[in-house]
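Structure data follow from upload15.txt (compact mmCIF, C-alpha atoms and all ligand atoms):
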```txt
# COMPACT_ATOMS: atom_id res chain seq x y z
CA MET A 1 0.00 0.00 0.00
CA SER A 2 1.31 3.40 -0.86
CA THR A 3 1.77 6.03 1.79
CA GLN A 4 0.35 8.79 -0.37
CA PRO A 5 -2.89 9.32 1.57
CA GLN A 6 -0.86 10.19 4.66
CA LEU A 7 0.54 13.15 2.80
CA LEU A 8 -2.97 14.50 2.53
CA LEU A 9 -3.18 14.63 6.30
CA LEU A 10 -0.63 17.39 6.42
CA ASP A 11 -2.53 20.32 7.84
CA PRO A 12 -1.76 22.96 5.23
CA VAL A 13 -2.86 20.64 2.42
CA ALA A 14 -6.05 19.45 4.11
CA GLU A 15 -6.87 22.97 5.19
CA LEU A 16 -6.45 24.42 1.69
CA ILE A 17 -8.79 21.79 0.27
CA ARG A 18 -11.37 22.42 3.00
CA ARG A 19 -11.18 26.17 2.43
CA ALA A 20 -11.60 25.77 -1.33
CA ALA A 21 -14.64 23.54 -0.76
CA GLU A 22 -16.19 26.17 1.50
CA VAL A 23 -15.49 29.08 -0.85
CA GLY A 24 -16.87 27.15 -3.83
CA TYR A 25 -20.04 26.07 -2.04
CA PRO A 26 -22.74 25.34 -3.19
CA HIS A 27 -20.85 24.15 -6.26
CA GLU A 28 -18.55 21.16 -6.30
CA VAL A 29 -14.94 22.25 -6.43
CA CYS A 30 -12.11 20.07 -7.71
CA GLY A 31 -8.38 20.08 -8.06
CA LEU A 32 -5.09 18.32 -7.64
CA VAL A 33 -2.57 17.63 -4.93
CA VAL A 34 0.86 17.48 -6.50
CA ARG A 35 4.47 17.21 -5.48
CA THR A 36 6.51 19.82 -7.24
CA SER A 37 9.95 19.20 -8.70
CA SER A 38 11.40 20.88 -5.60
CA GLY A 39 9.58 18.39 -3.36
CA ALA A 40 6.86 20.69 -2.03
CA LEU A 41 3.23 19.64 -1.78
CA GLU A 42 0.86 21.97 -3.58
CA VAL A 43 -2.90 22.15 -3.91
CA ARG A 44 -4.03 23.20 -7.39
CA LEU A 45 -7.64 24.21 -7.69
CA ALA A 46 -8.97 23.42 -11.18
CA PRO A 47 -12.09 24.70 -12.93
CA ASN A 48 -15.18 22.52 -12.58
CA MET A 49 -16.18 21.98 -16.21
CA GLU A 50 -19.56 20.55 -15.21
CA LEU A 51 -21.50 23.64 -16.22
CA ALA A 52 -25.06 22.28 -16.21
CA HIS A 53 -25.15 21.03 -12.61
CA PRO A 54 -21.95 22.10 -10.83
CA GLU A 55 -23.72 21.71 -7.49
CA ARG A 56 -23.98 17.95 -7.96
CA GLY A 57 -21.17 16.92 -10.23
CA PHE A 58 -17.69 17.81 -11.34
CA VAL A 59 -15.56 17.44 -14.43
CA LEU A 60 -11.98 18.35 -13.72
CA ASP A 61 -10.48 20.40 -16.54
CA PRO A 62 -7.93 17.94 -17.99
CA ARG A 63 -5.68 20.86 -18.86
CA ALA A 64 -4.90 21.14 -15.15
CA ILE A 65 -3.25 17.71 -15.25
CA VAL A 66 -1.49 18.35 -18.56
CA GLU A 67 -0.08 21.64 -17.27
CA SER A 68 0.98 20.06 -13.99
CA GLU A 69 2.84 17.30 -15.81
CA ALA A 70 4.46 19.88 -18.07
CA ARG A 71 5.83 21.58 -14.94
CA GLY A 72 7.40 18.28 -13.91
CA GLU A 73 5.00 17.78 -10.99
CA HIS A 74 3.97 14.41 -9.63
CA LEU A 75 0.21 13.93 -9.28
CA LEU A 76 -0.70 12.47 -5.88
CA ALA A 77 -4.42 13.05 -5.51
CA ILE A 78 -7.51 14.39 -7.21
CA PHE A 79 -9.96 16.03 -4.82
CA HIS A 80 -13.51 17.28 -5.10
CA SER A 81 -16.26 18.40 -2.77
CA HIS A 82 -19.75 17.09 -2.09
CA PRO A 83 -22.04 20.00 -1.25
CA ASP A 84 -24.79 18.92 1.13
CA ALA A 85 -23.85 15.26 0.77
CA SER A 86 -21.60 12.74 2.47
CA ALA A 87 -17.98 12.13 1.50
CA GLU A 88 -19.01 8.80 -0.03
CA LEU A 89 -17.59 8.24 -3.52
CA SER A 90 -20.53 8.19 -5.95
CA ASP A 91 -21.06 5.76 -8.80
CA ALA A 92 -20.42 8.64 -11.18
CA ASP A 93 -17.16 9.37 -9.36
CA GLN A 94 -16.16 5.71 -9.74
CA ARG A 95 -16.93 5.74 -13.46
CA ALA A 96 -15.08 9.01 -14.05
CA ALA A 97 -11.91 7.77 -12.33
CA VAL A 98 -11.37 4.67 -14.47
CA ILE A 99 -10.92 3.74 -18.07
CA PRO A 100 -12.49 0.58 -19.49
CA TRP A 101 -9.98 -2.11 -20.32
CA ARG A 102 -10.28 -5.54 -21.85
CA ASP A 103 -9.98 -7.24 -18.46
CA GLY A 104 -11.94 -4.64 -16.52
CA PRO A 105 -11.67 -1.03 -15.43
CA ARG A 106 -8.30 0.42 -14.59
CA PRO A 107 -7.57 3.70 -12.83
CA ALA A 108 -7.25 6.60 -15.24
CA TYR A 109 -4.28 7.82 -13.19
CA PRO A 110 -2.52 4.83 -11.60
CA GLY A 111 -1.31 5.42 -8.06
CA VAL A 112 -3.38 8.57 -7.65
CA VAL A 113 -5.87 8.63 -4.78
CA LEU A 114 -9.23 10.38 -4.71
CA LEU A 115 -10.15 12.70 -1.87
CA VAL A 116 -13.73 13.76 -1.23
CA VAL A 117 -14.67 16.45 1.28
CA ALA A 118 -18.25 16.92 2.41
CA VAL A 119 -19.50 20.51 2.73
CA SER A 120 -22.70 21.48 4.47
CA ALA A 121 -23.97 25.08 4.63
CA ALA A 122 -20.55 26.25 3.40
CA ARG A 123 -18.73 24.46 6.23
CA ALA A 124 -16.34 21.65 5.35
CA GLY A 125 -16.98 18.41 7.20
CA GLU A 126 -15.68 14.89 6.83
CA SER A 127 -12.99 14.03 4.28
CA ARG A 128 -12.38 10.56 2.89
CA VAL A 129 -9.60 9.14 0.75
CA TYR A 130 -10.09 6.36 -1.80
CA ALA A 131 -7.49 4.21 -3.50
CA PHE A 132 -7.97 1.84 -6.43
CA ALA A 133 -8.25 -1.81 -5.39
CA PRO A 134 -7.28 -3.96 -8.40
CA GLU A 135 -8.90 -7.08 -6.95
CA ARG A 136 -12.25 -5.29 -6.73
CA ALA A 137 -11.76 -3.24 -9.91
CA ARG A 138 -12.96 -0.12 -8.11
CA PHE A 139 -11.91 2.59 -5.71
CA VAL A 140 -12.37 1.72 -2.04
CA GLU A 141 -11.97 3.85 1.05
CA SER A 142 -8.38 3.92 2.20
CA PRO A 143 -7.61 2.88 5.78
CA LEU A 144 -5.51 6.02 5.85
CA ALA A 145 -8.54 8.23 5.25
CA VAL A 146 -8.43 11.72 6.64
CA GLN A 147 -10.38 12.09 9.88
CA LYS A 148 -11.96 15.42 10.67
ZN ZN A 201 -18.37 13.11 -6.13
```

Would you mind writing the file's structure down as structure tokens?
Ligand SMILES: [Zn+2]
Amino acid sequence: MSTQPQLLLLDPVAELIRRAAEVGYPHEVCGLVVRTSSGALEVRLAPNMELAHPERGFVLDPRAIVESEARGEHLLAIFHSHPDASAELSDADQRAAVIPWRDGPRPAYPGVVLLVVAVSAARAGESRVYAFAPERARFVESPLAVQK
């Protein structure tokens, strides 16, 4: 098991994500947690391209990932918020995070975890981290999930 989710527990990172979720409420916000070439952890908020119903869905602008890779950054996590809902990963979230493969779904970004933060009345609540479980062909909650 990778230790990546533990990195998300670092206060500045978790706090930046929570703040972004609160500021973006009642829309879902999304973004990346990356390690820069100098070794620093950075939170990169990305536009939510889900324009029809941004309060109950997100589409992360893929340019955010392309630009991050171009800067030589290492993608650790993709985060998004759930306004007025739990931090449970939805079926749509599961589908969006994988690509179909001959022998079953595979993660679109191998080794990258998903972080979901619940937001209620513009206040960030519980956060959960999900990692891809090859034997179940889906993302499952990581035992290293963030507790808040
Ligand atoms: Zn979601």

Q) What is the CA of Gly57 in chain A to CA of Gly72 in chain A distance in Å? A)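 Result for CA of Gly57 in chain A versus CA of Gly72 in chain A: 28.8 Å, one decimal.
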
Q) Restricting the calculation to all atoms listed in the file, which member of A:Ala122, A:His74, A:Gly111, A:Ala137 is positioned closest to Ser38 in chain A? A)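 Selected residue with least distance to Ser38 in chain A: A:His74.
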
Q: Please return, as a list of chain:residue names, all polymer residues that have at least one atom within 12 Å of the point (4.5, 19.9, -3.6); use all atoms listed in the file and the file's own coordinate frame.
A: A:Leu7, A:Leu8, A:Leu10, A:Pro12, A:Val13, A:Leu32, A:Val33, A:Val34, A:Arg35, A:Thr36, A:Ser37, A:Ser38, A:Gly39, A:Ala40, A:Leu41, A:Glu42, A:Val43, A:Arg44, A:Ser68, A:Arg71, A:Gly72, A:Glu73, A:His74, A:Leu75, A:Leu76, A:Ala77

At most 12 Å from ligand ZN 201 (chain A) (only C-alpha atoms and all ligand atoms): residue list as an mmCIF file with C-alpha atoms, in the frame of the given file:
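Once everything was written out, this is result-v8.cif:
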```cif
data_model
loop_
_atom_site.group_PDB
_atom_site.id
_atom_site.type_symbol
_atom_site.label_atom_id
_atom_site.label_comp_id
_atom_site.auth_asym_id
_atom_site.auth_seq_id
_atom_site.Cartn_x
_atom_site.Cartn_y
_atom_site.Cartn_z
ATOM 1 C CA HIS A 27 -20.850 24.150 -6.260
ATOM 2 C CA GLU A 28 -18.550 21.160 -6.300
ATOM 3 C CA VAL A 29 -14.940 22.250 -6.430
ATOM 4 C CA CYS A 30 -12.110 20.070 -7.710
ATOM 5 C CA ASN A 48 -15.180 22.520 -12.580
ATOM 6 C CA GLU A 50 -19.560 20.550 -15.210
ATOM 7 C CA PRO A 54 -21.950 22.100 -10.830
ATOM 8 C CA GLU A 55 -23.720 21.710 -7.490
ATOM 9 C CA ARG A 56 -23.980 17.950 -7.960
ATOM 10 C CA GLY A 57 -21.170 16.920 -10.230
ATOM 11 C CA PHE A 58 -17.690 17.810 -11.340
ATOM 12 C CA VAL A 59 -15.560 17.440 -14.430
ATOM 13 C CA LEU A 60 -11.980 18.350 -13.720
ATOM 14 C CA ILE A 78 -7.510 14.390 -7.210
ATOM 15 C CA PHE A 79 -9.960 16.030 -4.820
ATOM 16 C CA HIS A 80 -13.510 17.280 -5.100
ATOM 17 C CA SER A 81 -16.260 18.400 -2.770
ATOM 18 C CA HIS A 82 -19.750 17.090 -2.090
ATOM 19 C CA PRO A 83 -22.040 20.000 -1.250
ATOM 20 C CA ASP A 84 -24.790 18.920 1.130
ATOM 21 C CA ALA A 85 -23.850 15.260 0.770
ATOM 22 C CA SER A 86 -21.600 12.740 2.470
ATOM 23 C CA ALA A 87 -17.980 12.130 1.500
ATOM 24 C CA GLU A 88 -19.010 8.800 -0.030
ATOM 25 C CA LEU A 89 -17.590 8.240 -3.520
ATOM 26 C CA SER A 90 -20.530 8.190 -5.950
ATOM 27 C CA ASP A 91 -21.060 5.760 -8.800
ATOM 28 C CA ALA A 92 -20.420 8.640 -11.180
ATOM 29 C CA ASP A 93 -17.160 9.370 -9.360
ATOM 30 C CA GLN A 94 -16.160 5.710 -9.740
ATOM 31 C CA ARG A 95 -16.930 5.740 -13.460
ATOM 32 C CA ALA A 96 -15.080 9.010 -14.050
ATOM 33 C CA ALA A 97 -11.910 7.770 -12.330
ATOM 34 C CA LEU A 114 -9.230 10.380 -4.710
ATOM 35 C CA LEU A 115 -10.150 12.700 -1.870
ATOM 36 C CA VAL A 116 -13.730 13.760 -1.230
ATOM 37 C CA VAL A 117 -14.670 16.450 1.280
ATOM 38 C CA ALA A 118 -18.250 16.920 2.410
ATOM 39 C CA VAL A 119 -19.500 20.510 2.730
ATOM 40 C CA SER A 127 -12.990 14.030 4.280
ATOM 41 C CA ARG A 128 -12.380 10.560 2.890
ATOM 42 C CA VAL A 129 -9.600 9.140 0.750
ATOM 43 C CA TYR A 130 -10.090 6.360 -1.800
#
```

Q: Choose the residue, out of A:Asp103, A:Asp11, A:Asp61, A:Glu67, that has the smallest atom-to-atom separation from Glu135 in chain A; count all atoms listed in the file.
A: A:Asp103

Since the input lacks some atoms of range 11-35 of chain A, please model N, CA and C atoms and print them as an mmCIF file, in the frame of the given file.
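See rebuild.cif below for the written result:
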```cif
data_model
loop_
_atom_site.group_PDB
_atom_site.id
_atom_site.type_symbol
_atom_site.label_atom_id
_atom_site.label_comp_id
_atom_site.auth_asym_id
_atom_site.auth_seq_id
_atom_site.Cartn_x
_atom_site.Cartn_y
_atom_site.Cartn_z
ATOM 1 N N ASP A 11 -1.560 19.264 7.590
ATOM 2 C CA ASP A 11 -2.530 20.320 7.840
ATOM 3 C C ASP A 11 -2.678 21.354 6.744
ATOM 4 N N PRO A 12 -1.582 21.903 6.244
ATOM 5 C CA PRO A 12 -1.760 22.960 5.230
ATOM 6 C C PRO A 12 -2.503 22.450 3.992
ATOM 7 N N VAL A 13 -2.214 21.216 3.600
ATOM 8 C CA VAL A 13 -2.860 20.640 2.420
ATOM 9 C C VAL A 13 -4.340 20.408 2.679
ATOM 10 N N ALA A 14 -4.648 19.729 3.779
ATOM 11 C CA ALA A 14 -6.050 19.450 4.110
ATOM 12 C C ALA A 14 -6.827 20.752 4.297
ATOM 13 N N GLU A 15 -6.180 21.718 4.912
ATOM 14 C CA GLU A 15 -6.870 22.970 5.190
ATOM 15 C C GLU A 15 -7.164 23.751 3.902
ATOM 16 N N LEU A 16 -6.226 23.734 2.963
ATOM 17 C CA LEU A 16 -6.450 24.420 1.690
ATOM 18 C C LEU A 16 -7.618 23.806 0.930
ATOM 19 N N ILE A 17 -7.696 22.478 0.971
ATOM 20 C CA ILE A 17 -8.790 21.790 0.270
ATOM 21 C C ILE A 17 -10.124 22.117 0.944
ATOM 22 N N ARG A 18 -10.131 22.107 2.273
ATOM 23 C CA ARG A 18 -11.370 22.420 3.000
ATOM 24 C C ARG A 18 -11.805 23.855 2.708
ATOM 25 N N ARG A 19 -10.853 24.767 2.698
ATOM 26 C CA ARG A 19 -11.180 26.170 2.430
ATOM 27 C C ARG A 19 -11.748 26.349 1.024
ATOM 28 N N ALA A 20 -11.120 25.683 0.054
ATOM 29 C CA ALA A 20 -11.600 25.770 -1.330
ATOM 30 C C ALA A 20 -13.021 25.226 -1.442
ATOM 31 N N ALA A 21 -13.296 24.144 -0.718
ATOM 32 C CA ALA A 21 -14.640 23.540 -0.760
ATOM 33 C C ALA A 21 -15.670 24.493 -0.169
ATOM 34 N N GLU A 22 -15.269 25.225 0.867
ATOM 35 C CA GLU A 22 -16.190 26.170 1.500
ATOM 36 C C GLU A 22 -16.431 27.381 0.617
ATOM 37 N N VAL A 23 -15.361 27.896 0.009
ATOM 38 C CA VAL A 23 -15.490 29.080 -0.850
ATOM 39 C C VAL A 23 -16.319 28.746 -2.085
ATOM 40 N N GLY A 24 -16.153 27.536 -2.618
ATOM 41 C CA GLY A 24 -16.870 27.150 -3.830
ATOM 42 C C GLY A 24 -18.313 26.747 -3.617
ATOM 43 N N TYR A 25 -18.681 26.477 -2.368
ATOM 44 C CA TYR A 25 -20.040 26.070 -2.040
ATOM 45 C C TYR A 25 -21.039 27.082 -2.594
ATOM 46 N N PRO A 26 -22.189 26.695 -3.185
ATOM 47 C CA PRO A 26 -22.740 25.340 -3.190
ATOM 48 C C PRO A 26 -22.328 24.499 -4.396
ATOM 49 N N HIS A 27 -21.320 24.955 -5.140
ATOM 50 C CA HIS A 27 -20.850 24.150 -6.260
ATOM 51 C C HIS A 27 -19.801 23.152 -5.792
ATOM 52 N N GLU A 28 -19.658 22.069 -6.552
ATOM 53 C CA GLU A 28 -18.550 21.160 -6.300
ATOM 54 C C GLU A 28 -17.273 21.833 -6.795
ATOM 55 N N VAL A 29 -16.239 21.754 -6.002
ATOM 56 C CA VAL A 29 -14.940 22.250 -6.430
ATOM 57 C C VAL A 29 -14.034 21.034 -6.639
ATOM 58 N N CYS A 30 -12.998 21.199 -7.449
ATOM 59 C CA CYS A 30 -12.110 20.070 -7.710
ATOM 60 C C CYS A 30 -10.703 20.584 -7.959
ATOM 61 N N GLY A 31 -9.757 19.681 -7.845
ATOM 62 C CA GLY A 31 -8.380 20.080 -8.060
ATOM 63 C C GLY A 31 -7.420 18.931 -7.797
ATOM 64 N N LEU A 32 -6.164 19.305 -7.746
ATOM 65 C CA LEU A 32 -5.090 18.320 -7.640
ATOM 66 C C LEU A 32 -4.245 18.583 -6.408
ATOM 67 N N VAL A 33 -3.668 17.507 -5.876
ATOM 68 C CA VAL A 33 -2.570 17.630 -4.930
ATOM 69 C C VAL A 33 -1.354 17.077 -5.641
ATOM 70 N N VAL A 34 -0.325 17.889 -5.755
ATOM 71 C CA VAL A 34 0.860 17.480 -6.500
ATOM 72 C C VAL A 34 2.114 17.672 -5.654
ATOM 73 N N ARG A 35 3.149 16.945 -6.034
ATOM 74 C CA ARG A 35 4.470 17.210 -5.480
ATOM 75 C C ARG A 35 5.272 17.902 -6.556
#
```
